[in-house]
$ cat coords09.txt   # compact mmCIF, C-alpha atoms and all ligand atoms
# COMPACT_ATOMS: atom_id res chain seq x y z
CA MET T 1 118.47 90.57 73.21
CA GLY T 2 118.05 86.96 74.31
CA GLU T 3 115.40 85.06 72.35
CA ALA T 4 114.05 82.59 74.90
CA ARG T 5 110.72 83.48 76.44
CA VAL T 6 110.66 84.02 80.17
CA ASN T 7 108.20 81.67 81.87
CA VAL T 8 106.59 83.54 84.74
CA GLY T 9 104.75 81.98 87.66
CA LEU T 10 102.19 84.28 89.25
CA LEU T 11 101.52 84.26 93.01
CA GLY T 12 98.16 85.81 93.91
CA VAL T 13 95.29 86.31 91.47
CA GLY T 14 93.41 89.15 93.17
CA ALA T 15 92.90 92.66 91.79
CA ILE T 16 96.47 93.35 90.67
CA GLY T 17 97.32 89.69 90.04
CA ARG T 18 94.64 89.49 87.33
CA ILE T 19 96.16 92.53 85.63
CA HIS T 20 99.62 90.95 85.65
CA ALA T 21 98.14 87.65 84.41
CA THR T 22 96.53 89.39 81.43
CA ASN T 23 99.73 91.24 80.61
CA LEU T 24 102.05 88.24 81.00
CA ALA T 25 99.74 86.05 78.93
CA GLY T 26 99.40 88.35 75.96
CA ARG T 27 100.67 91.89 76.24
CA VAL T 28 104.32 91.62 77.19
CA GLN T 29 106.67 90.52 74.46
CA GLY T 30 109.02 87.74 75.53
CA ALA T 31 106.89 86.68 78.49
CA ARG T 32 104.70 83.63 79.05
CA LEU T 33 102.38 83.00 81.98
CA SER T 34 103.43 79.47 82.86
CA ALA T 35 101.96 78.80 86.33
CA VAL T 36 99.48 80.32 88.73
CA ALA T 37 99.23 79.97 92.52
CA ASP T 38 96.85 81.34 95.12
CA VAL T 39 95.78 80.15 98.59
CA ASP T 40 92.34 80.33 97.04
CA ARG T 41 92.96 77.38 94.74
CA ALA T 42 89.65 77.78 92.93
CA ALA T 43 90.58 81.36 92.04
CA ALA T 44 93.99 80.18 90.81
CA ALA T 45 92.36 77.43 88.74
CA ALA T 46 89.88 79.88 87.20
CA CYS T 47 92.68 82.27 86.28
CA ALA T 48 94.78 79.44 84.85
CA ALA T 49 91.85 78.18 82.77
CA GLU T 50 91.20 81.64 81.40
CA PHE T 51 94.76 81.95 80.15
CA GLY T 52 95.35 78.33 79.14
CA VAL T 53 97.89 77.69 81.90
CA GLU T 54 98.38 74.10 83.05
CA ALA T 55 100.28 74.49 86.31
CA VAL T 56 98.07 75.48 89.26
CA PHE T 57 99.24 75.58 92.87
CA ASP T 58 98.00 76.87 96.19
CA GLY T 59 101.33 77.84 97.69
CA VAL T 60 104.56 79.63 96.98
CA ARG T 61 106.81 76.56 97.54
CA GLU T 62 105.37 74.49 94.68
CA LEU T 63 105.28 77.53 92.43
CA VAL T 64 108.90 78.57 92.87
CA ASN T 65 110.17 75.00 92.61
CA ASP T 66 108.27 74.17 89.43
CA ARG T 67 110.57 73.67 86.46
CA ARG T 68 108.13 75.49 84.18
CA VAL T 69 108.86 78.69 86.13
CA ASP T 70 111.90 80.92 85.35
CA ALA T 71 110.69 83.97 87.25
CA VAL T 72 108.00 84.73 89.80
CA ALA T 73 105.54 87.65 89.92
CA VAL T 74 104.39 88.19 93.50
CA ALA T 75 100.92 89.78 93.70
CA SER T 76 99.70 88.38 97.02
CA PRO T 77 99.20 90.67 100.07
CA ALA T 78 102.10 92.58 101.62
CA ALA T 79 102.46 90.25 104.62
CA THR T 80 103.44 87.41 102.26
CA HIS T 81 105.98 89.28 100.10
CA ALA T 82 109.21 88.85 102.05
CA ALA T 83 108.78 85.09 102.49
CA ALA T 84 107.84 84.71 98.82
CA ILE T 85 110.95 86.64 97.76
CA GLU T 86 113.15 84.47 99.97
CA ALA T 87 111.60 81.26 98.63
CA ALA T 88 111.93 82.38 95.01
CA ALA T 89 115.54 83.51 95.48
CA ALA T 90 116.45 80.21 97.18
CA ALA T 91 114.94 78.37 94.20
CA GLY T 92 117.11 80.43 91.83
CA LYS T 93 114.21 82.37 90.32
CA HIS T 94 114.08 86.06 89.36
CA ILE T 95 111.38 88.09 91.08
CA PHE T 96 108.92 90.82 90.29
CA CYS T 97 107.24 91.82 93.56
CA GLU T 98 104.31 94.12 94.13
CA LYS T 99 104.70 96.98 96.56
CA PRO T 100 105.20 97.18 99.48
CA LEU T 101 108.14 94.81 100.03
CA ALA T 102 106.96 94.39 103.65
CA TYR T 103 105.90 96.60 106.55
CA ASP T 104 108.92 95.62 108.61
CA LEU T 105 112.47 96.70 107.82
CA ASP T 106 114.16 93.60 109.27
CA GLU T 107 111.98 91.40 107.06
CA ILE T 108 112.89 93.49 104.04
CA ASP T 109 116.60 93.35 104.84
CA ARG T 110 116.45 89.57 105.20
CA ALA T 111 114.67 89.23 101.86
CA LEU T 112 117.14 91.54 100.11
CA ARG T 113 120.08 89.56 101.51
CA ALA T 114 118.53 86.37 100.12
CA VAL T 115 118.17 88.02 96.70
CA GLU T 116 121.75 89.20 96.75
CA LYS T 117 123.08 85.83 97.88
CA ALA T 118 121.21 84.07 95.08
CA GLY T 119 122.27 86.60 92.46
CA ALA T 120 118.58 86.95 91.54
CA LYS T 121 116.99 90.02 89.99
CA LEU T 122 114.28 91.77 91.97
CA GLN T 123 112.01 94.44 90.53
CA VAL T 124 109.49 96.20 92.79
CA GLY T 125 106.05 97.17 91.44
CA PHE T 126 106.38 100.92 91.51
CA ASN T 127 104.47 101.15 88.25
CA ARG T 128 104.07 104.92 88.35
CA ARG T 129 107.67 105.32 87.20
CA PHE T 130 106.50 103.71 83.95
CA ASP T 131 103.52 106.02 83.40
CA PRO T 132 104.17 108.03 80.20
CA GLY T 133 103.31 111.41 81.78
CA PHE T 134 105.38 110.84 84.91
CA ARG T 135 108.27 109.46 82.84
CA GLN T 136 108.18 112.64 80.74
CA ALA T 137 108.19 114.74 83.91
CA TYR T 138 111.25 112.84 85.13
CA GLU T 139 113.09 113.29 81.83
CA THR T 140 112.22 116.97 81.68
CA ALA T 141 113.56 117.53 85.20
CA ARG T 142 116.76 115.61 84.40
CA SER T 143 117.27 117.54 81.13
CA GLY T 144 117.67 120.78 83.10
CA LYS T 145 114.73 122.47 81.31
CA LEU T 146 113.10 123.29 84.64
CA GLY T 147 116.34 124.78 85.98
CA ARG T 148 116.93 124.28 89.64
CA LEU T 149 114.12 122.21 91.15
CA TYR T 150 112.32 123.88 94.07
CA ARG T 151 109.16 121.88 94.57
CA LEU T 152 107.51 118.57 93.84
CA HIS T 153 103.83 118.17 94.54
CA ILE T 154 102.11 114.81 94.27
CA VAL T 155 98.37 114.30 94.62
CA GLY T 156 97.43 110.64 95.08
CA ARG T 157 93.78 110.16 96.01
CA ASP T 158 91.75 106.99 95.63
CA PRO T 159 88.04 106.87 94.86
CA PHE T 160 86.18 106.27 98.13
CA VAL T 161 85.41 102.55 98.46
CA GLU T 162 84.34 101.57 101.99
CA ARG T 163 85.80 98.05 101.85
CA LEU T 164 89.22 99.43 100.82
CA MET T 165 89.50 102.01 103.61
CA PRO T 166 92.57 101.63 105.86
CA LYS T 167 92.02 99.03 108.56
CA ALA T 168 95.07 99.78 110.68
CA GLN T 169 97.12 102.77 111.68
CA GLY T 170 99.82 103.38 109.11
CA GLU T 171 98.15 101.32 106.38
CA LEU T 172 97.59 104.41 104.22
CA LEU T 173 101.28 105.31 104.45
CA LEU T 174 102.58 101.76 103.92
CA GLU T 175 100.20 100.76 101.11
CA THR T 176 99.28 103.97 99.29
CA THR T 177 101.74 106.76 100.13
CA VAL T 178 104.52 104.24 99.49
CA HIS T 179 103.96 104.85 95.74
CA ASP T 180 104.32 108.58 96.30
CA PHE T 181 107.46 108.21 98.43
CA ASP T 182 109.00 106.32 95.54
CA LEU T 183 107.81 108.87 92.99
CA ALA T 184 109.25 111.73 95.07
CA ARG T 185 112.68 110.05 95.31
CA TYR T 186 112.59 109.26 91.60
CA MET T 187 111.61 112.79 90.55
CA ALA T 188 114.03 114.53 92.93
CA GLY T 189 116.92 112.28 91.93
CA THR T 190 118.27 112.53 95.48
CA GLU T 191 117.42 111.03 98.86
CA PRO T 192 115.18 112.92 101.30
CA LEU T 193 116.61 114.13 104.59
CA SER T 194 113.44 114.44 106.68
CA VAL T 195 109.75 113.60 106.72
CA TYR T 196 106.86 115.43 108.37
CA ALA T 197 103.33 114.03 108.29
CA GLU T 198 99.88 115.23 109.30
CA GLY T 199 96.91 112.91 109.03
CA GLY T 200 93.35 112.27 110.04
CA ALA T 201 90.37 110.03 109.46
CA ALA T 202 88.22 112.64 107.75
CA ALA T 203 86.84 110.44 104.97
CA ALA T 204 85.79 107.64 107.34
CA ALA T 205 84.10 110.18 109.61
CA ALA T 206 82.27 111.83 106.70
CA ALA T 207 81.01 108.42 105.56
CA GLY T 208 79.79 107.62 109.09
CA MET T 209 82.08 104.61 109.32
CA SER T 210 82.31 103.40 112.87
CA GLY T 211 85.46 101.86 114.22
CA ALA T 212 87.57 103.07 111.30
CA ALA T 213 91.18 102.35 112.10
CA GLY T 214 94.00 104.56 111.02
CA ILE T 215 94.30 107.75 109.04
CA ASP T 216 92.72 107.95 105.60
CA THR T 217 93.84 111.47 104.76
CA ALA T 218 97.43 112.68 104.90
CA VAL T 219 99.79 115.44 103.90
CA VAL T 220 103.47 114.58 103.96
CA VAL T 221 106.34 117.04 103.57
CA LEU T 222 109.72 115.70 102.48
CA ARG T 223 112.82 117.83 102.63
CA PHE T 224 115.51 116.95 100.08
CA PRO T 225 119.08 118.29 99.76
CA ASP T 226 119.51 121.74 98.15
CA GLY T 227 116.25 122.96 99.67
CA VAL T 228 113.97 120.91 97.41
CA ILE T 229 110.63 120.35 99.16
CA ALA T 230 108.15 117.67 98.16
CA THR T 231 104.54 117.50 99.34
CA ILE T 232 102.30 114.46 99.07
CA ASP T 233 98.54 114.75 99.39
CA ASN T 234 96.55 111.54 99.94
CA GLY T 235 92.88 110.84 100.58
CA GLN T 236 89.67 109.54 99.04
CA THR T 237 87.45 111.28 96.51
CA ALA T 238 83.85 111.35 95.35
CA TYR T 239 84.99 111.76 91.72
CA GLY T 240 87.42 108.95 90.90
CA TYR T 241 91.18 108.47 90.92
CA ASP T 242 92.93 111.81 91.44
CA GLN T 243 96.56 111.36 90.37
CA ARG T 244 98.48 114.52 89.64
CA LEU T 245 102.06 115.70 89.72
CA GLU T 246 103.68 119.10 89.64
CA LEU T 247 107.38 119.88 89.30
CA PHE T 248 108.40 123.47 89.77
CA GLY T 249 111.83 124.97 89.28
CA SER T 250 113.74 128.16 88.53
CA LYS T 251 113.13 127.94 84.77
CA GLY T 252 109.63 126.48 84.65
CA GLY T 253 107.13 123.88 85.73
CA PHE T 254 105.76 120.57 84.53
CA TRP T 255 102.22 119.46 85.30
CA VAL T 256 100.73 116.01 84.86
CA GLY T 257 96.95 116.09 85.16
CA ASN T 258 94.26 113.46 85.51
CA GLU T 259 93.42 111.18 82.62
CA THR T 260 89.82 110.97 81.44
CA PRO T 261 88.18 108.20 79.36
CA TYR T 262 87.86 110.59 76.42
CA ARG T 263 88.69 114.21 75.70
CA ALA T 264 85.53 116.26 75.49
CA LEU T 265 83.84 119.22 77.13
CA LEU T 266 80.15 119.82 77.59
CA ALA T 267 79.18 123.48 77.84
CA ASP T 268 75.78 124.83 78.79
CA GLY T 269 74.47 128.00 80.38
CA GLU T 270 75.85 127.08 83.78
CA ALA T 271 79.24 125.43 83.38
CA VAL T 272 81.78 123.71 81.18
CA ARG T 273 82.05 120.06 82.19
CA SER T 274 84.68 117.46 81.52
CA PRO T 275 84.37 113.68 82.01
CA LEU T 276 85.38 112.33 85.42
CA PRO T 277 88.95 111.04 85.79
CA LEU T 278 89.58 107.38 84.97
CA HIS T 279 88.04 105.61 87.93
CA PHE T 280 90.89 103.69 89.58
CA PHE T 281 94.27 102.05 89.12
CA PRO T 282 93.33 99.34 86.56
CA GLU T 283 92.20 102.01 84.10
CA ARG T 284 94.52 104.89 84.97
CA TYR T 285 97.74 102.90 85.09
CA ALA T 286 96.95 100.16 82.54
CA GLU T 287 99.82 101.17 80.28
CA SER T 288 102.31 101.40 83.15
CA TYR T 289 101.56 97.82 84.27
CA VAL T 290 102.44 96.53 80.80
CA ALA T 291 105.56 98.73 80.64
CA GLU T 292 106.87 97.73 84.08
CA MET T 293 106.45 94.03 83.29
CA ALA T 294 108.09 94.49 79.87
CA ALA T 295 111.04 96.17 81.65
CA PHE T 296 111.30 93.25 84.08
CA ILE T 297 111.23 90.67 81.27
CA ASP T 298 113.87 92.66 79.36
CA CYS T 299 116.17 92.78 82.36
CA VAL T 300 115.84 89.01 82.86
CA ARG T 301 116.47 88.30 79.15
CA ASN T 302 119.38 90.72 78.88
CA ASP T 303 120.90 90.12 82.28
CA ALA T 304 120.47 93.80 83.17
CA ALA T 305 119.73 95.47 86.49
CA PRO T 306 116.04 96.20 87.16
CA GLN T 307 115.02 99.85 86.83
CA VAL T 308 113.28 99.74 90.23
CA GLY T 309 115.18 97.49 92.59
CA GLY T 310 115.08 96.20 96.15
CA ARG T 311 116.89 99.29 97.42
CA ASP T 312 114.04 101.44 96.07
CA GLY T 313 111.42 99.21 97.66
CA ARG T 314 113.24 99.45 100.98
CA ALA T 315 113.73 103.23 100.80
CA ALA T 316 110.02 103.87 100.27
CA ILE T 317 109.25 101.85 103.41
CA VAL T 318 111.91 103.69 105.43
CA LEU T 319 110.09 106.93 104.45
CA ALA T 320 106.71 105.44 105.39
CA LEU T 321 108.09 104.43 108.80
CA ALA T 322 109.52 107.94 109.26
CA ALA T 323 106.08 109.38 108.41
CA MET T 324 104.46 107.07 110.98
CA ARG T 325 106.89 108.24 113.66
CA SER T 326 106.26 111.86 112.63
CA LEU T 327 102.51 111.36 113.09
CA GLU T 328 103.00 109.75 116.49
CA GLU T 329 105.40 112.37 117.77
CA GLY T 330 104.12 115.47 115.97
CA ARG T 331 107.50 116.52 114.60
CA PRO T 332 109.64 116.25 111.47
CA VAL T 333 111.67 113.03 111.59
CA ALA T 334 115.16 112.78 110.13
CA VAL T 335 115.23 109.80 107.75
CA ALA T 336 118.50 108.70 109.40
CA GLU T 337 116.55 108.13 112.65
CA ILE T 338 114.84 105.19 110.92
CA ALA T 339 117.65 103.82 108.74
CA ALA T 340 120.27 104.83 106.23
CA LEU T 341 118.91 104.79 102.68
N1 LIG G 1 100.99 98.64 91.96
C1 LIG G 1 99.69 98.87 92.09
O1 LIG G 1 99.16 99.79 91.51
C2 LIG G 1 98.89 97.98 92.99
C3 LIG G 1 97.49 97.98 92.90
C4 LIG G 1 96.79 97.10 93.73
C5 LIG G 1 97.44 96.30 94.64
N2 LIG G 1 98.81 96.34 94.71
C6 LIG G 1 99.54 95.49 95.67
O2 LIG G 1 99.41 94.14 95.24
C7 LIG G 1 99.25 93.27 96.37
C8 LIG G 1 97.93 92.52 96.24
O3 LIG G 1 96.88 93.47 96.25
P1 LIG G 1 95.43 93.13 95.64
O4 LIG G 1 94.68 94.42 95.67
O5 LIG G 1 95.55 92.41 94.34
O6 LIG G 1 94.85 92.16 96.75
P2 LIG G 1 93.64 91.14 96.64
O7 LIG G 1 93.17 90.94 98.02
O8 LIG G 1 92.68 91.58 95.58
O9 LIG G 1 94.33 89.80 96.11
C9 LIG G 1 95.28 89.10 96.84
C10 LIG G 1 95.27 87.65 96.38
O10 LIG G 1 96.34 86.98 97.03
C11 LIG G 1 95.84 85.74 97.52
N3 LIG G 1 96.67 85.33 98.66
C12 LIG G 1 96.59 85.70 99.97
N4 LIG G 1 97.58 85.13 100.69
C13 LIG G 1 98.28 84.36 99.83
C14 LIG G 1 99.41 83.52 99.99
N5 LIG G 1 100.00 83.38 101.17
N6 LIG G 1 99.87 82.88 98.89
C15 LIG G 1 99.27 83.02 97.70
N7 LIG G 1 98.20 83.82 97.49
C16 LIG G 1 97.71 84.48 98.54
C17 LIG G 1 94.38 85.98 97.87
O11 LIG G 1 93.65 84.79 97.91
C18 LIG G 1 93.98 86.91 96.71
O12 LIG G 1 93.55 86.19 95.58
C19 LIG G 1 99.36 94.18 97.60
O13 LIG G 1 100.67 94.18 98.07
C20 LIG G 1 98.97 95.56 97.07
O14 LIG G 1 99.58 96.59 97.80
C21 LIG G 1 99.53 97.14 93.90

$ encode --input "coords09.txt" --output "structure tokens" --more "lines below"
Ligand SMILES: NC(=O)c1ccc[n+]([C@@H]2O[C@H](COP(=O)([O-])OP(=O)(O)OC[C@H]3O[C@@H](n4cnc5c(N)ncnc54)[C@H](O)[C@@H]3O)[C@@H](O)[C@H]2O)c1
Amino acid sequence: MGEARVNVGLLGVGAIGRIHATNLAGRVQGARLSAVADVDRAAAAACAAEFGVEAVFDGVRELVNDRRVDAVAVASPAATHAAAIEAAAAAGKHIFCEKPLAYDLDEIDRALRAVEKAGAKLQVGFNRRFDPGFRQAYETARSGKLGRLYRLHIVGRDPFVERLMPKAQGELLLETTVHDFDLARYMAGTEPLSVYAEGGAAAAAAAGMSGAAGIDTAVVVLRFPDGVIATIDNGQTAYGYDQRLELFGSKGGFWVGNETPYRALLADGEAVRSPLPLHFFPERYAESYVAEMAAFIDCVRNDAAPQVGGRDGRAAIVLALAAMRSLEEGRPVAVAEIAAL
């Protein structure tokens, strides 16, 4: 393994950016948080001060061209990702980019061409692949212990937070289900053939939200080769982050349940109660955010290919676009109608 530390410049210090900042500054071996940028310069400066970082910028250009930066972690909103990737690649920097790569396939293809041309490494933030339970599910399926895989079932529900409800049609599929599309491809080990989606705005209606835009509740059916069927179930809950996975095959099943803050049961004359699930992504996936960044740093130091690359980021968006077309047209959509994976 190479010894030099990888100096990472962070773009975007919002909810996920703060998590990456904390991990890069102290939890990921071989990494150093060397610069911070955000259009909200005060937020960037506050983050930099907290972690003892000198270099503070308000834009991607200065960040990627700074000589204190070897690699860039992109944690700004989706609409800024493709341009940030192109700028970083042109500056000869390796890139970790949050999901989704972009909403638009042409933009993604342009960014991926820039990465290829520059010979840069690009890892996409599909952190769930690095969750210990999901990783074990993957390894169990690959080992053959489950026999022939028949079914994958993924439950991915967020706690209801009014300000985070989808603001546009398709946002749920492009921002949230995108994780599940990636997880389904990863678990199946093959590429899906078709996508069928049903959706509604049940949670917004129940909360009396007026003018809610886009679906907030969805069920997606993916058909894979050899008859493997995956279902994805998304929505919002009154009880925290509901993140479960089931693999089912000819020789057995594998279930990953919700994580709770502690393991305990309270029994009384009426019921046996367990603590609520960990509330949201910062708690539930804390370990996976460290592991995905450690994997990125390792691949930069060892000149290895990222475990989750640009092709994976693109494929998940192709599936989201197929799901959007399925919703619009009320029919299963062949993935090939959108693009080859
Ligand atoms: N992998 C995960 O589990 C996970 C969790 C949350 C968010 N995300 C993804 O991370 C990205 C950011 O989400 P968030 O929840 O942290 O958003 P956020 O709104 O909390 O933070 C975004 C930050 O980016 C800054 N910003 C906006 N435009 C910018 C630009 N052009 N250049 C630099 N900075 C800019 C904003 O000022 C803000 O500080 C999204 O793509 C989201 O889908 C991933």

$ residues_near_point --input "coords09.txt" --point "(97.4, 101.1, 98.2)" --cutoff "12 Å" --atoms "only C-alpha atoms" --output "mmCIF file with C-alpha atoms, in the frame of the given file"
data_model
loop_
_atom_site.group_PDB
_atom_site.id
_atom_site.type_symbol
_atom_site.label_atom_id
_atom_site.label_comp_id
_atom_site.auth_asym_id
_atom_site.auth_seq_id
_atom_site.Cartn_x
_atom_site.Cartn_y
_atom_site.Cartn_z
ATOM 1 C CA ALA T 15 92.900 92.660 91.790
ATOM 2 C CA ILE T 16 96.470 93.350 90.670
ATOM 3 C CA PRO T 77 99.200 90.670 100.070
ATOM 4 C CA ALA T 78 102.100 92.580 101.620
ATOM 5 C CA GLU T 98 104.310 94.120 94.130
ATOM 6 C CA LYS T 99 104.700 96.980 96.560
ATOM 7 C CA PRO T 100 105.200 97.180 99.480
ATOM 8 C CA GLY T 125 106.050 97.170 91.440
ATOM 9 C CA PHE T 126 106.380 100.920 91.510
ATOM 10 C CA GLY T 156 97.430 110.640 95.080
ATOM 11 C CA ARG T 157 93.780 110.160 96.010
ATOM 12 C CA ASP T 158 91.750 106.990 95.630
ATOM 13 C CA PRO T 159 88.040 106.870 94.860
ATOM 14 C CA LEU T 164 89.220 99.430 100.820
ATOM 15 C CA MET T 165 89.500 102.010 103.610
ATOM 16 C CA PRO T 166 92.570 101.630 105.860
ATOM 17 C CA LYS T 167 92.020 99.030 108.560
ATOM 18 C CA GLY T 170 99.820 103.380 109.110
ATOM 19 C CA GLU T 171 98.150 101.320 106.380
ATOM 20 C CA LEU T 172 97.590 104.410 104.220
ATOM 21 C CA LEU T 173 101.280 105.310 104.450
ATOM 22 C CA LEU T 174 102.580 101.760 103.920
ATOM 23 C CA GLU T 175 100.200 100.760 101.110
ATOM 24 C CA THR T 176 99.280 103.970 99.290
ATOM 25 C CA THR T 177 101.740 106.760 100.130
ATOM 26 C CA VAL T 178 104.520 104.240 99.490
ATOM 27 C CA HIS T 179 103.960 104.850 95.740
ATOM 28 C CA ASP T 180 104.320 108.580 96.300
ATOM 29 C CA ASP T 216 92.720 107.950 105.600
ATOM 30 C CA ASN T 234 96.550 111.540 99.940
ATOM 31 C CA GLY T 235 92.880 110.840 100.580
ATOM 32 C CA GLN T 236 89.670 109.540 99.040
ATOM 33 C CA PHE T 280 90.890 103.690 89.580
ATOM 34 C CA PHE T 281 94.270 102.050 89.120
#

$ residues_near_ligand --input "coords09.txt" --ligand "ligand LIG 1 (chain G)" --cutoff "9 Å" --atoms "only C-alpha atoms and all ligand atoms" --output "NGL selection string"
:T and (11-19 or 37-41 or 43-44 or 57-60 or 74-81 or 84 or 97-102 or 124-128 or 174-176 or 179 or 281-282 or 285 or 289)

$ closest_residue --input "coords09.txt" --among "T:Ala230, T:Leu24, T:Ala197, T:Ala205" --to "Ala320 of chain T" --atoms "only C-alpha atoms"
T:Ala197

$ atom_distance --input "coords09.txt" --atom1 "atom CA of Ala31 of chain T" --atom2 "atom CA of Asn7 of chain T"
6.2 Å

$ closest_residue --input "coords09.txt" --among "T:Cys299, T:Ala304, T:Ile85, T:Ala336" --to "Ala73 of chain T" --atoms "only C-alpha atoms"
T:Ile85

$ closest_atom_pairs --input "coords09.txt" --of "segment 230-327 of chain T" --to "segment 110-119 of chain T" --cutoff "9 Å" --atoms "all atoms listed in the file" --output "CSV"
residue,atom,partner,partner_atom,distance
T:Gly310,CA,T:Leu112,CA,6.5
T:Arg311,CA,T:Leu112,CA,8.2
T:Arg314,CA,T:Leu112,CA,8.9

$ residues_around --input "coords09.txt" --residues "Arg325 of chain T" --least-positions-apart "6" --cutoff "10 Å" --atoms "all atoms listed in the file" --output "PDB file with C-alpha atoms, in the frame of the given file"
ATOM      1  CA  GLY T 170      99.820 103.380 109.110  1.00  0.00           C
ATOM      2  CA  VAL T 195     109.750 113.600 106.720  1.00  0.00           C
ATOM      3  CA  TYR T 196     106.860 115.430 108.370  1.00  0.00           C
ATOM      4  CA  ALA T 197     103.330 114.030 108.290  1.00  0.00           C
ATOM      5  CA  LEU T 319     110.090 106.930 104.450  1.00  0.00           C
ATOM      6  CA  ARG T 331     107.500 116.520 114.600  1.00  0.00           C
ATOM      7  CA  PRO T 332     109.640 116.250 111.470  1.00  0.00           C
ATOM      8  CA  VAL T 333     111.670 113.030 111.590  1.00  0.00           C
ATOM      9  CA  GLU T 337     116.550 108.130 112.650  1.00  0.00           C
ATOM     10  CA  ILE T 338     114.840 105.190 110.920  1.00  0.00           C
TER      11      ILE T 338
END

$ closest_residue --input "coords09.txt" --among "T:Ala25, T:Ala4, T:Val69, T:Ala207" --to "Val56 of chain T" --atoms "all atoms listed in the file"
T:Val69

$ closest_residue --input "coords09.txt" --among "T:Phe51, T:Gly9, T:Ala218, T:Lys121" --to "Arg301 of chain T" --atoms "all atoms listed in the file"
T:Lys121

$ atom_distance --input "coords09.txt" --atom1 "atom CA of Pro225 of chain T" --atom2 "atom CA of Ser288 of chain T"
29.0 Å

$ residues_near_point --input "coords09.txt" --point "(115.8, 106.7, 104.6)" --cutoff "12 Å" --atoms "only C-alpha atoms" --output "PyMOL selection string"
chain T and resi 105+181-182+185+190-195+222-224+311-323+333-341

$ closest_residue --input "coords09.txt" --among "T:Tyr262, T:Phe296, T:Phe160, T:Phe96" --to "Asp242 of chain T" --atoms "only C-alpha atoms"
T:Phe160

$ decode --input "coords09.txt" --residues "segment 124-136 of chain T" --atoms "N, CA and C atoms" --output "short mmCIF file (atom, residue, chain, number, x, y, z; two decimals), in the first residue's frame"
data_model
loop_
_atom_site.label_atom_id
_atom_site.label_comp_id
_atom_site.auth_asym_id
_atom_site.auth_seq_id
_atom_site.Cartn_x
_atom_site.Cartn_y
_atom_site.Cartn_z
N VAL T 124 -18.82 6.31 -6.78
CA VAL T 124 -20.13 6.90 -6.53
C VAL T 124 -20.60 6.50 -5.13
N GLY T 125 -21.28 7.43 -4.44
CA GLY T 125 -21.65 7.24 -3.04
C GLY T 125 -22.81 6.31 -2.77
N PHE T 126 -22.72 5.10 -3.31
CA PHE T 126 -23.73 4.09 -2.96
C PHE T 126 -23.23 3.37 -1.71
N ASN T 127 -23.39 4.06 -0.58
CA ASN T 127 -22.82 3.60 0.69
C ASN T 127 -23.41 2.29 1.18
N ARG T 128 -24.64 1.97 0.71
CA ARG T 128 -25.30 0.78 1.27
C ARG T 128 -24.55 -0.50 0.94
N ARG T 129 -23.77 -0.47 -0.15
CA ARG T 129 -22.96 -1.64 -0.48
C ARG T 129 -21.92 -1.91 0.61
N PHE T 130 -21.64 -0.87 1.43
CA PHE T 130 -20.60 -1.00 2.45
C PHE T 130 -21.19 -1.23 3.84
N ASP T 131 -22.52 -1.38 3.91
CA ASP T 131 -23.16 -1.68 5.19
C ASP T 131 -22.85 -3.14 5.55
N PRO T 132 -22.42 -3.40 6.79
CA PRO T 132 -22.01 -4.78 7.13
C PRO T 132 -23.10 -5.83 6.86
N GLY T 133 -24.35 -5.53 7.20
CA GLY T 133 -25.42 -6.51 6.98
C GLY T 133 -25.68 -6.76 5.51
N PHE T 134 -25.71 -5.70 4.73
CA PHE T 134 -25.96 -5.85 3.29
C PHE T 134 -24.77 -6.54 2.62
N ARG T 135 -23.56 -6.22 3.08
CA ARG T 135 -22.36 -6.86 2.51
C ARG T 135 -22.41 -8.37 2.78
N GLN T 136 -22.86 -8.74 3.99
CA GLN T 136 -22.97 -10.16 4.34
C GLN T 136 -24.04 -10.83 3.47
#
